[in-house]
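Text of final_28.txt (compact mmCIF, C-alpha atoms and all ligand atoms) as supplied:
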```txt
# COMPACT_ATOMS: atom_id res chain seq x y z
CA MET A 20 -109.48 74.44 -74.47
CA PRO A 21 -107.45 71.26 -74.91
CA GLU A 22 -107.56 68.80 -72.03
CA HIS A 23 -104.55 68.40 -69.77
CA LEU A 24 -102.54 65.27 -70.22
CA THR A 25 -102.17 63.26 -67.04
CA ILE A 26 -98.39 63.74 -67.15
CA ASN A 27 -99.20 67.48 -66.90
CA GLY A 28 -101.62 67.14 -64.00
CA GLY A 29 -104.77 66.13 -65.91
CA THR A 30 -107.13 63.24 -65.18
CA PRO A 31 -106.22 59.83 -66.60
CA VAL A 32 -108.42 58.27 -69.27
CA ARG A 33 -108.66 55.18 -67.09
CA ARG A 34 -107.49 53.86 -63.74
CA ALA A 35 -108.77 50.31 -64.14
CA PRO A 36 -106.17 47.69 -65.03
CA PHE A 37 -106.32 45.72 -68.27
CA PRO A 38 -107.07 41.97 -67.96
CA VAL A 39 -104.58 39.98 -65.93
CA TRP A 40 -102.63 37.19 -67.57
CA PRO A 41 -102.70 34.22 -67.44
CA VAL A 42 -106.37 33.38 -67.13
CA TRP A 43 -107.09 30.26 -65.08
CA GLY A 44 -109.68 28.47 -63.02
CA SER A 45 -110.80 25.04 -61.88
CA PRO A 46 -109.90 23.27 -65.20
CA GLU A 47 -106.23 24.20 -64.67
CA ARG A 48 -106.33 23.36 -60.95
CA ASP A 49 -108.00 20.01 -61.62
CA ALA A 50 -105.62 19.15 -64.46
CA VAL A 51 -102.51 19.82 -62.38
CA ARG A 52 -103.93 18.12 -59.29
CA GLU A 53 -104.76 15.04 -61.35
CA VAL A 54 -101.12 14.77 -62.43
CA ILE A 55 -99.85 15.26 -58.88
CA ASP A 56 -102.20 12.60 -57.55
CA SER A 57 -101.27 10.17 -60.33
CA GLY A 58 -97.60 10.23 -59.36
CA ALA A 59 -96.75 10.25 -63.10
CA TRP A 60 -94.97 13.60 -63.17
CA GLY A 61 -92.67 13.06 -66.15
CA GLU A 62 -93.50 12.36 -69.76
CA LEU A 63 -91.80 8.95 -69.63
CA SER A 64 -94.51 7.70 -67.28
CA GLY A 65 -97.50 9.96 -67.96
CA ASP A 66 -99.74 10.68 -70.95
CA LYS A 67 -100.45 14.43 -70.66
CA VAL A 68 -97.48 15.63 -72.68
CA GLN A 69 -98.38 13.18 -75.44
CA ALA A 70 -102.02 14.35 -75.33
CA PHE A 71 -100.89 17.95 -75.53
CA GLU A 72 -98.58 17.20 -78.46
CA ASP A 73 -101.44 15.53 -80.35
CA ARG A 74 -103.80 18.40 -79.60
CA PHE A 75 -101.27 21.08 -80.48
CA ALA A 76 -100.28 19.36 -83.75
CA THR A 77 -103.94 19.24 -84.78
CA PHE A 78 -104.44 22.87 -83.79
CA GLN A 79 -101.39 23.99 -85.78
CA GLN A 80 -102.34 21.78 -88.74
CA ALA A 81 -99.02 19.96 -88.48
CA ARG A 82 -98.48 16.21 -88.69
CA PHE A 83 -96.20 16.20 -85.65
CA ALA A 84 -95.62 18.25 -82.53
CA LEU A 85 -92.95 17.68 -79.92
CA ALA A 86 -93.17 19.43 -76.55
CA VAL A 87 -89.97 20.76 -74.97
CA PRO A 88 -89.23 22.91 -71.89
CA ASN A 89 -89.19 26.31 -73.64
CA GLY A 90 -89.05 28.13 -76.97
CA THR A 91 -85.29 28.66 -76.80
CA GLN A 92 -84.62 24.95 -76.47
CA ALA A 93 -87.22 24.27 -79.16
CA LEU A 94 -85.02 26.33 -81.48
CA GLU A 95 -81.85 24.57 -80.32
CA VAL A 96 -83.30 21.11 -80.91
CA ALA A 97 -84.80 22.20 -84.24
CA LEU A 98 -81.46 23.63 -85.42
CA GLN A 99 -79.69 20.43 -84.41
CA SER A 100 -82.34 18.40 -86.24
CA LEU A 101 -81.52 20.38 -89.37
CA GLY A 102 -77.85 19.48 -88.92
CA VAL A 103 -76.73 23.01 -88.02
CA ARG A 104 -73.31 22.80 -86.36
CA PRO A 105 -70.18 24.84 -85.62
CA GLY A 106 -68.88 26.46 -88.79
CA ASP A 107 -72.37 27.01 -90.22
CA ASP A 108 -74.17 30.29 -90.79
CA VAL A 109 -77.86 30.79 -90.05
CA VAL A 110 -79.74 33.71 -91.61
CA THR A 111 -82.29 35.47 -89.45
CA THR A 112 -83.94 38.83 -88.82
CA ALA A 113 -82.32 41.63 -86.86
CA TYR A 114 -85.69 42.54 -85.31
CA THR A 115 -86.39 39.68 -82.93
CA PHE A 116 -86.00 38.54 -79.35
CA ILE A 117 -82.46 37.55 -78.37
CA ALA A 118 -83.48 33.87 -77.92
CA THR A 119 -83.61 33.47 -81.71
CA VAL A 120 -79.87 34.04 -81.84
CA SER A 121 -78.91 32.62 -78.46
CA ALA A 122 -80.15 29.30 -79.88
CA ILE A 123 -78.02 29.78 -83.01
CA PHE A 124 -74.98 30.53 -80.83
CA ALA A 125 -75.82 27.55 -78.59
CA VAL A 126 -75.38 25.11 -81.48
CA GLY A 127 -72.09 26.81 -82.40
CA ALA A 128 -73.34 28.51 -85.56
CA ARG A 129 -73.04 32.16 -86.58
CA PRO A 130 -76.17 34.28 -86.96
CA ILE A 131 -76.26 36.43 -90.08
CA PHE A 132 -78.75 39.24 -89.72
CA VAL A 133 -80.94 40.66 -92.44
CA ASP A 134 -83.13 43.72 -92.43
CA ILE A 135 -86.91 43.90 -92.12
CA ASP A 136 -89.70 45.15 -94.30
CA PRO A 137 -90.53 48.52 -92.68
CA ARG A 138 -94.23 48.06 -93.33
CA THR A 139 -94.48 44.89 -91.24
CA ASN A 140 -91.35 44.84 -88.99
CA LEU A 141 -90.82 41.29 -90.32
CA ILE A 142 -87.90 39.79 -92.22
CA ASP A 143 -87.66 41.09 -95.78
CA PRO A 144 -87.23 38.12 -98.16
CA ALA A 145 -85.41 40.36 -100.65
CA GLU A 146 -82.66 40.86 -98.05
CA ILE A 147 -82.06 37.15 -97.54
CA GLU A 148 -80.34 36.26 -100.78
CA PRO A 149 -77.40 38.67 -100.39
CA ALA A 150 -76.80 37.22 -96.90
CA ILE A 151 -76.45 33.62 -98.13
CA THR A 152 -72.93 32.20 -98.31
CA SER A 153 -71.49 28.75 -98.95
CA ARG A 154 -71.62 28.23 -95.16
CA THR A 155 -75.33 29.00 -94.80
CA ARG A 156 -77.14 26.00 -93.40
CA ALA A 157 -80.64 27.31 -92.54
CA ILE A 158 -82.96 30.31 -92.64
CA VAL A 159 -84.87 31.29 -89.50
CA PRO A 160 -87.66 33.78 -90.19
CA VAL A 161 -89.56 35.02 -87.11
CA HIS A 162 -93.29 35.77 -86.92
CA ILE A 163 -92.89 38.74 -84.63
CA GLY A 164 -95.98 39.86 -82.77
CA GLY A 165 -97.95 36.87 -84.03
CA GLN A 166 -97.99 38.01 -87.65
CA SER A 167 -96.69 35.59 -90.24
CA CYS A 168 -93.78 36.96 -92.23
CA ASP A 169 -93.85 36.66 -96.02
CA LEU A 170 -93.42 32.90 -96.05
CA ASP A 171 -93.87 32.67 -99.83
CA GLY A 172 -90.91 35.00 -100.30
CA VAL A 173 -88.77 33.26 -97.67
CA LEU A 174 -89.53 29.77 -99.02
CA GLU A 175 -88.85 30.83 -102.58
CA VAL A 176 -85.29 31.98 -101.75
CA ALA A 177 -84.74 28.99 -99.48
CA ARG A 178 -85.85 26.43 -102.09
CA ARG A 179 -83.72 28.10 -104.75
CA HIS A 180 -80.67 27.66 -102.51
CA GLY A 181 -81.66 24.23 -101.18
CA LEU A 182 -81.86 25.57 -97.62
CA PRO A 183 -84.31 24.49 -94.92
CA VAL A 184 -86.62 27.01 -93.25
CA LEU A 185 -87.12 26.96 -89.50
CA GLU A 186 -90.01 29.26 -88.52
CA ASP A 187 -89.54 30.89 -85.12
CA ALA A 188 -93.24 31.03 -84.29
CA ALA A 189 -92.68 31.64 -80.56
CA GLN A 190 -95.21 34.49 -80.67
CA ALA A 191 -97.53 33.07 -83.30
CA VAL A 192 -99.70 30.28 -81.89
CA GLY A 193 -102.77 30.17 -84.15
CA ALA A 194 -101.42 32.53 -86.83
CA GLU A 195 -102.01 31.61 -90.47
CA TRP A 196 -100.30 32.24 -93.77
CA ARG A 197 -102.66 31.87 -96.76
CA GLY A 198 -105.07 29.69 -94.81
CA THR A 199 -102.47 27.40 -93.23
CA LYS A 200 -101.29 27.66 -89.64
CA VAL A 201 -97.67 28.74 -89.34
CA GLY A 202 -94.91 26.47 -88.03
CA ALA A 203 -95.10 23.61 -90.49
CA VAL A 204 -95.33 25.76 -93.63
CA GLY A 205 -91.52 25.67 -93.59
CA ASP A 206 -89.58 22.54 -92.69
CA LEU A 207 -89.87 23.00 -88.93
CA GLY A 208 -91.45 25.56 -86.64
CA THR A 209 -90.96 26.36 -82.98
CA PHE A 210 -93.28 27.84 -80.36
CA SER A 211 -92.93 29.28 -76.86
CA PHE A 212 -95.39 28.87 -73.99
CA GLN A 213 -93.46 31.19 -71.67
CA GLU A 214 -95.63 33.19 -69.32
CA SER A 215 -96.27 36.20 -71.57
CA LYS A 216 -97.26 34.13 -74.61
CA ASN A 217 -100.77 33.74 -75.99
CA LEU A 218 -100.73 30.08 -74.92
CA SER A 219 -98.83 29.75 -71.66
CA GLY A 220 -97.75 26.98 -69.33
CA GLY A 221 -95.52 29.34 -67.34
CA GLU A 222 -92.73 27.94 -69.48
CA GLY A 223 -92.86 25.46 -72.34
CA GLY A 224 -92.18 25.10 -76.02
CA ALA A 225 -92.92 22.94 -79.03
CA ILE A 226 -91.48 21.94 -82.39
CA VAL A 227 -93.88 21.17 -85.23
CA THR A 228 -93.26 19.68 -88.64
CA ASN A 229 -94.92 17.71 -91.41
CA LEU A 230 -91.71 15.80 -92.10
CA GLU A 231 -91.54 12.45 -90.34
CA ASP A 232 -87.75 12.09 -90.48
CA LEU A 233 -87.21 15.50 -88.89
CA HIS A 234 -89.77 14.74 -86.21
CA HIS A 235 -88.06 11.46 -85.34
CA LEU A 236 -84.69 13.16 -85.20
CA ALA A 237 -86.02 15.96 -82.98
CA TRP A 238 -87.73 13.37 -80.76
CA SER A 239 -84.48 11.46 -80.37
CA LEU A 240 -82.45 14.62 -79.67
CA HIS A 241 -84.95 15.72 -77.01
CA ASN A 242 -84.85 12.31 -75.32
CA CYS A 243 -81.11 11.82 -74.70
CA GLY A 244 -80.51 10.48 -78.22
CA ARG A 245 -82.71 7.44 -77.80
CA GLY A 246 -84.39 5.92 -80.81
CA PRO A 247 -88.09 5.13 -80.77
CA GLN A 248 -87.40 1.44 -80.15
CA SER A 249 -84.31 1.82 -77.96
CA ASP A 250 -84.39 0.60 -74.42
CA THR A 251 -83.39 2.84 -71.56
CA PHE A 252 -79.63 2.69 -72.06
CA ASN A 253 -79.40 2.33 -75.80
CA PHE A 254 -78.62 5.52 -77.64
CA GLU A 255 -78.55 6.27 -81.34
CA ARG A 256 -76.85 9.64 -81.12
CA MET A 257 -75.83 12.36 -78.67
CA GLY A 258 -78.92 14.19 -77.52
CA GLY A 259 -80.02 15.92 -74.35
CA ASN A 260 -82.90 15.99 -71.92
CA TYR A 261 -85.40 18.43 -73.40
CA ARG A 262 -88.51 16.72 -72.05
CA LEU A 263 -91.46 18.68 -70.68
CA THR A 264 -93.03 17.82 -67.32
CA GLU A 265 -96.48 16.28 -67.16
CA LEU A 266 -97.58 19.14 -64.92
CA THR A 267 -96.89 21.64 -67.69
CA GLY A 268 -98.40 19.32 -70.30
CA ALA A 269 -101.63 19.13 -68.30
CA LEU A 270 -101.68 22.89 -67.73
CA LEU A 271 -101.18 23.57 -71.44
CA LEU A 272 -103.95 21.14 -72.36
CA ALA A 273 -106.32 23.01 -70.06
CA GLN A 274 -105.21 26.38 -71.45
CA MET A 275 -105.90 25.20 -74.99
CA GLU A 276 -109.61 25.11 -74.16
CA ARG A 277 -109.50 28.87 -73.78
CA LEU A 278 -107.42 29.62 -76.85
CA ASP A 279 -110.07 30.01 -79.56
CA GLY A 280 -112.17 32.31 -77.39
CA GLN A 281 -109.18 34.46 -76.46
CA MET A 282 -108.07 34.67 -80.08
CA ALA A 283 -111.51 35.89 -81.11
CA VAL A 284 -111.42 38.65 -78.47
CA ARG A 285 -107.98 39.79 -79.63
CA ASP A 286 -109.15 39.78 -83.27
CA ARG A 287 -112.07 42.01 -82.40
CA ASN A 288 -110.08 44.48 -80.33
CA ALA A 289 -107.26 44.64 -82.87
CA ALA A 290 -109.80 45.47 -85.60
CA LEU A 291 -111.31 48.21 -83.42
CA LEU A 292 -107.86 49.64 -82.79
CA THR A 293 -106.92 49.57 -86.46
CA ASP A 294 -110.16 51.38 -87.39
CA GLY A 295 -109.65 54.00 -84.69
CA LEU A 296 -105.96 54.60 -85.37
CA ALA A 297 -106.75 55.27 -89.03
CA GLU A 298 -108.09 58.62 -87.77
CA ILE A 299 -104.96 59.49 -85.78
CA PRO A 300 -102.05 60.52 -88.02
CA GLY A 301 -98.62 59.67 -86.70
CA LEU A 302 -99.66 56.40 -85.04
CA GLU A 303 -99.57 53.86 -87.86
CA PRO A 304 -100.22 50.20 -87.10
CA THR A 305 -97.80 47.89 -88.91
CA VAL A 306 -99.33 46.65 -92.15
CA VAL A 307 -101.01 43.24 -92.16
CA ASP A 308 -100.23 41.48 -95.44
CA GLU A 309 -103.44 40.28 -97.09
CA ARG A 310 -101.95 36.77 -97.22
CA VAL A 311 -101.98 36.75 -93.41
CA THR A 312 -105.36 35.06 -93.04
CA ARG A 313 -105.07 35.02 -89.25
CA HIS A 314 -102.96 37.23 -87.04
CA ALA A 315 -102.25 35.90 -83.55
CA TRP A 316 -101.90 39.40 -82.06
CA HIS A 317 -99.23 38.62 -79.51
CA LEU A 318 -98.29 42.25 -80.04
CA TYR A 319 -100.10 45.16 -81.58
CA GLN A 320 -97.29 47.16 -83.18
CA ILE A 321 -97.58 50.86 -83.97
CA ARG A 322 -95.01 52.93 -85.87
CA TYR A 323 -94.78 56.42 -84.39
CA ASP A 324 -94.01 59.47 -86.48
CA ALA A 325 -92.57 62.15 -84.21
CA ALA A 326 -92.97 64.89 -86.85
CA THR A 327 -96.77 64.70 -86.56
CA PHE A 328 -96.56 65.01 -82.77
CA GLY A 329 -94.58 68.23 -82.64
CA GLY A 330 -91.27 66.36 -82.49
CA ARG A 331 -92.02 64.60 -79.19
CA SER A 332 -89.97 61.48 -78.66
CA ARG A 333 -91.47 58.01 -78.74
CA GLU A 334 -90.52 57.72 -75.06
CA ASP A 335 -92.58 60.84 -74.31
CA VAL A 336 -95.60 59.31 -76.02
CA ILE A 337 -95.19 56.03 -74.16
CA ALA A 338 -94.87 57.87 -70.85
CA ALA A 339 -97.98 59.88 -71.68
CA LEU A 340 -99.94 56.75 -72.64
CA ASN A 341 -98.84 54.96 -69.45
CA ALA A 342 -99.94 57.95 -67.38
CA GLU A 343 -103.36 57.78 -69.09
CA GLY A 344 -103.62 54.15 -67.92
CA ILE A 345 -102.57 52.47 -71.19
CA PRO A 346 -99.80 49.84 -70.93
CA ALA A 347 -97.78 50.78 -74.02
CA SER A 348 -94.08 49.96 -74.26
CA PRO A 349 -91.15 50.37 -76.66
CA GLY A 350 -90.38 47.41 -78.91
CA TYR A 351 -87.08 45.67 -79.58
CA VAL A 352 -83.69 47.20 -79.94
CA PRO A 353 -82.48 45.37 -83.10
CA LEU A 354 -80.02 42.62 -82.22
CA THR A 355 -77.37 44.33 -84.32
CA GLY A 356 -77.42 47.15 -81.76
CA ILE A 357 -77.04 44.93 -78.69
CA GLU A 358 -73.56 44.81 -77.18
CA ALA A 359 -73.89 41.23 -75.93
CA VAL A 360 -74.61 40.06 -79.47
CA SER A 361 -71.75 41.99 -81.10
CA THR A 362 -69.36 40.84 -78.37
CA ALA A 363 -70.35 37.21 -78.89
CA LEU A 364 -69.92 37.60 -82.65
CA ARG A 365 -66.50 39.21 -82.22
CA ASP A 366 -65.27 36.73 -79.61
CA ARG A 367 -66.42 33.64 -81.45
CA PHE A 368 -66.17 34.56 -85.10
CA GLY A 369 -63.95 37.65 -85.40
CA GLU A 370 -64.91 40.56 -87.64
CA SER A 371 -67.82 39.89 -89.92
CA VAL A 372 -69.95 41.73 -92.41
CA ARG A 373 -73.61 42.81 -92.08
CA GLN A 374 -73.57 42.56 -88.31
CA ASP A 375 -72.95 46.11 -87.22
CA SER A 376 -75.26 48.59 -85.65
CA GLY A 377 -76.33 50.94 -88.44
CA SER A 378 -76.24 48.27 -91.14
CA MET A 379 -79.95 47.56 -90.85
CA PRO A 380 -81.68 50.86 -91.57
CA HIS A 381 -85.23 49.52 -91.35
CA ALA A 382 -84.66 47.47 -88.20
CA ASP A 383 -82.87 50.46 -86.66
CA ALA A 384 -85.82 52.72 -87.49
CA ALA A 385 -88.28 50.16 -86.06
CA GLY A 386 -86.12 50.05 -82.93
CA ARG A 387 -86.46 53.82 -82.59
CA ASP A 388 -90.11 54.38 -83.38
CA THR A 389 -92.18 51.26 -82.70
CA ILE A 390 -94.68 51.24 -79.84
CA TRP A 391 -96.04 47.92 -78.60
CA LEU A 392 -99.26 46.95 -76.93
CA TYR A 393 -99.02 43.42 -75.49
CA GLN A 394 -101.70 40.82 -76.11
CA THR A 395 -103.27 41.38 -72.68
CA ALA A 396 -104.25 44.91 -73.75
CA LEU A 397 -106.32 43.24 -76.50
CA LEU A 398 -108.17 40.91 -74.15
CA GLY A 399 -110.52 43.47 -72.68
CA SER A 400 -113.95 44.75 -73.66
CA ASP A 401 -114.84 47.16 -76.48
CA ASP A 402 -114.78 49.91 -73.82
CA ASP A 403 -111.24 49.00 -72.79
CA THR A 404 -110.14 49.30 -76.41
CA ALA A 405 -112.04 52.58 -76.76
CA ASP A 406 -109.95 53.88 -73.83
CA ILE A 407 -106.74 53.10 -75.71
CA LEU A 408 -108.01 55.14 -78.65
CA THR A 409 -109.24 57.96 -76.40
CA ALA A 410 -105.79 58.22 -74.81
CA CYS A 411 -104.09 58.26 -78.23
CA ARG A 412 -106.47 60.96 -79.46
CA LYS A 413 -106.01 63.03 -76.32
CA ILE A 414 -102.22 63.00 -76.62
CA ALA A 415 -102.36 63.71 -80.36
CA THR A 416 -104.73 66.66 -79.81
CA VAL A 417 -102.66 68.26 -77.06
CA TRP A 418 -99.28 67.82 -78.71
CA ARG A 419 -100.41 68.98 -82.09
CA SER A 420 -102.10 72.13 -80.84
C1 LIG B 1 -89.28 35.43 -81.12
C2 LIG B 1 -88.95 34.56 -79.94
N1 LIG B 1 -88.15 33.51 -80.12
C3 LIG B 1 -87.85 32.68 -79.09
C4 LIG B 1 -88.35 32.90 -77.83
C5 LIG B 1 -87.90 32.01 -76.73
O1 LIG B 1 -88.92 31.38 -76.04
P1 LIG B 1 -88.75 31.00 -74.49
O2 LIG B 1 -88.83 32.26 -73.71
O3 LIG B 1 -89.91 30.08 -74.25
O4 LIG B 1 -87.45 30.30 -74.34
C6 LIG B 1 -89.21 33.99 -77.61
C7 LIG B 1 -89.85 34.27 -76.32
O5 LIG B 1 -89.55 34.53 -75.31
C8 LIG B 1 -89.50 34.85 -78.70
O6 LIG B 1 -90.30 35.92 -78.53
```

What do you get writing this file as structure tokens?
Ligand SMILES: Cc1ncc(COP(=O)(O)O)c(C=O)c1O
Amino acid sequence: MPEHLTINGGTPVRRAPFPVWPVWGSPERDAVREVIDSGAWGELSGDKVQAFEDRFATFQQARFALAVPNGTQALEVALQSLGVRPGDDVVTTAYTFIATVSAIFAVGARPIFVDIDPRTNLIDPAEIEPAITSRTRAIVPVHIGGQSCDLDGVLEVARRHGLPVLEDAAQAVGAEWRGTKVGAVGDLGTFSFQESKNLSGGEGGAIVTNLEDLHHLAWSLHNCGRGPQSDTFNFERMGGNYRLTELTGALLLAQMERLDGQMAVRDRNAALLTDGLAEIPGLEPTVVDERVTRHAWHLYQIRYDAATFGGRSREDVIAALNAEGIPASPGYVPLTGIEAVSTALRDRFGESVRQDSGSMPHADAAGRDTIWLYQTALLGSDDDTADILTACRKIATVWRS
């Protein structure tokens, strides 16, 4: 007799919650209190943001890191540093968070979407070349879920066309491509420390690079256009205030102490999940390229095949998993299918090619059938991960019988 699913009146696999996020304790309290008591609350008078930048640059194996208030503004400053301006095109993936393109719009440029590799849900380098025009000024690949995209492929096309690569690594703190941390493999890379991210300061962001000129330009742009030697009211260019507070800098420094340990736990649980899911047809984890020497596991992405589950919809499976106590959720709707994006494209740039819903078959399919587990579901014990697999098996057994 098959078990009853919880959505049909059965008993849930688990009732206990998965680990809460963020994780904090006295190091975070002490770090923030120290800043408050010092009275140096901004980076112009304190040293915590600078200390965080140094630490983060070392961690990401980049020569330079610049902290900014969030990942969206990190992208905006990075795009401006690359000279992207109104009239330019920027090539990016259709399967990403809207901030990737809100930043492109914010600097007045036009996003040009390309499709993904269906095995990884990441930008397909082979799709980039046809999207390049004489107006293209930069390529912005995104390491969705904490998995590096095919940076060799992206860089090869970019170099051939003399275009810079800005890695949107918002979700990929600690991820590696062929033994090197992402972010500064391309010309610039940006990170987010928003509250859901694997390294969080509540909000926060960073720009990393190995290129001194770009770092200096980004630094100037983030500090009202000042130059390194300028006095308070001397400005070298138009910039903005994109400085991080010392409170967030101190919090991020404290959180970095926990990062390696948390990454190791996610690695272990992701490996257990991948082993277990290999026995459950119809729930296929996205493929991890062998050149990805470290995955950051911001998301664990599963492609769902309805045909092996008696035609049940992805939404049915997610509802069933949630009822069993597993916090699964649907992934992105590709940006090409989002009305706000098409309206902005139409209003600002008129009709354009390669931007319509339906023009990205692989991103569209990923939008229909991907199931996400967030990083917090990977922070538990082996038993917690076993519960995820038990719930998947239970649903598969009932719906296939
Ligand atoms: C891929 C991607 N890019 C950019 C951002 C923007 O970061 P933030 O929320 O810190 O502005 C996010 C995160 O939210 C993201 O997931």

Got a sec to check which residues lie within 7 Å of ligand LIG 1 (chain B), using all atoms listed in the file, and send them as a PDB file with C-alpha atoms, keeping the file's coordinate frame?
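That gives us part.pdb:
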```pdb
ATOM      1  CA  ASN A  89     -89.190  26.310 -73.640  1.00  0.00           C
ATOM      2  CA  GLY A  90     -89.050  28.130 -76.970  1.00  0.00           C
ATOM      3  CA  THR A  91     -85.290  28.660 -76.800  1.00  0.00           C
ATOM      4  CA  GLN A  92     -84.620  24.950 -76.470  1.00  0.00           C
ATOM      5  CA  THR A 115     -86.390  39.680 -82.930  1.00  0.00           C
ATOM      6  CA  PHE A 116     -86.000  38.540 -79.350  1.00  0.00           C
ATOM      7  CA  ALA A 118     -83.480  33.870 -77.920  1.00  0.00           C
ATOM      8  CA  THR A 119     -83.610  33.470 -81.710  1.00  0.00           C
ATOM      9  CA  VAL A 161     -89.560  35.020 -87.110  1.00  0.00           C
ATOM     10  CA  ILE A 163     -92.890  38.740 -84.630  1.00  0.00           C
ATOM     11  CA  ASP A 187     -89.540  30.890 -85.120  1.00  0.00           C
ATOM     12  CA  ALA A 188     -93.240  31.030 -84.290  1.00  0.00           C
ATOM     13  CA  ALA A 189     -92.680  31.640 -80.560  1.00  0.00           C
ATOM     14  CA  GLN A 190     -95.210  34.490 -80.670  1.00  0.00           C
ATOM     15  CA  SER A 211     -92.930  29.280 -76.860  1.00  0.00           C
ATOM     16  CA  PHE A 212     -95.390  28.870 -73.990  1.00  0.00           C
ATOM     17  CA  GLN A 213     -93.460  31.190 -71.670  1.00  0.00           C
ATOM     18  CA  GLU A 222     -92.730  27.940 -69.480  1.00  0.00           C
ATOM     19  CA  GLY A 223     -92.860  25.460 -72.340  1.00  0.00           C
ATOM     20  CA  GLY A 224     -92.180  25.100 -76.020  1.00  0.00           C
TER      21      GLY A 224
END
```

Item to check | From A:Thr155, A:Thr362, A:Asn288, A:Thr77, residue lying nearest Leu101 in chain A [all atoms listed in the file] | outcome: A:Thr155

Next on the checklist: What's the separation between CA of Val42 in chain A and CA of Ala269 in chain A, in Å to one decimal place?
Outcome noted: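 If I compute the distance from CA of Val42 in chain A to CA of Ala269 in chain A, I get 15.1 Å.
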
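A straight line drawn from CA of Arg310 in chain A to CA of Gly399 in chain A is 26.8 Å long.
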
Checklist outcome for this item: Of A:Trp40, A:Tyr323, A:Tyr261, A:Trp391, the one sitting nearest Leu302 in chain A when using all atoms listed in the file is A:Tyr323

Next on the checklist: What's around Ser64 in chain A at 12 Å? Count all atoms listed in the file, leave out sequence neighbours fewer than 3 positions away in its own chain, and write the answer as an MDAnalysis selection string.
Outcome noted: chainID A and resid 54 57:61 67:69 262:265

Next on the checklist: Give me, as a PyMOL selection string, all polymer residues having an atom no more than 12 Å from Asp143 in chain A, counting all atoms listed in the file and skipping those fewer than 5 positions away in the same chain.
Outcome noted: chain A and resi 110-114+132-138+148-150+159-162+167-174+176+379+381-382

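Here CA of Asp73 in chain A stands at a distance of 15.7 Å from CA of Leu278 in chain A.
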
Item to check | All residues 8 Å or closer to range 98-100 of chain A, only C-alpha atoms, same chain fewer than 5 positions away omitted, as a list in words | outcome: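 Selected residues are Ile123, Val126, Leu185, Leu233, Leu236, Ala237 and Leu240 of chain A.
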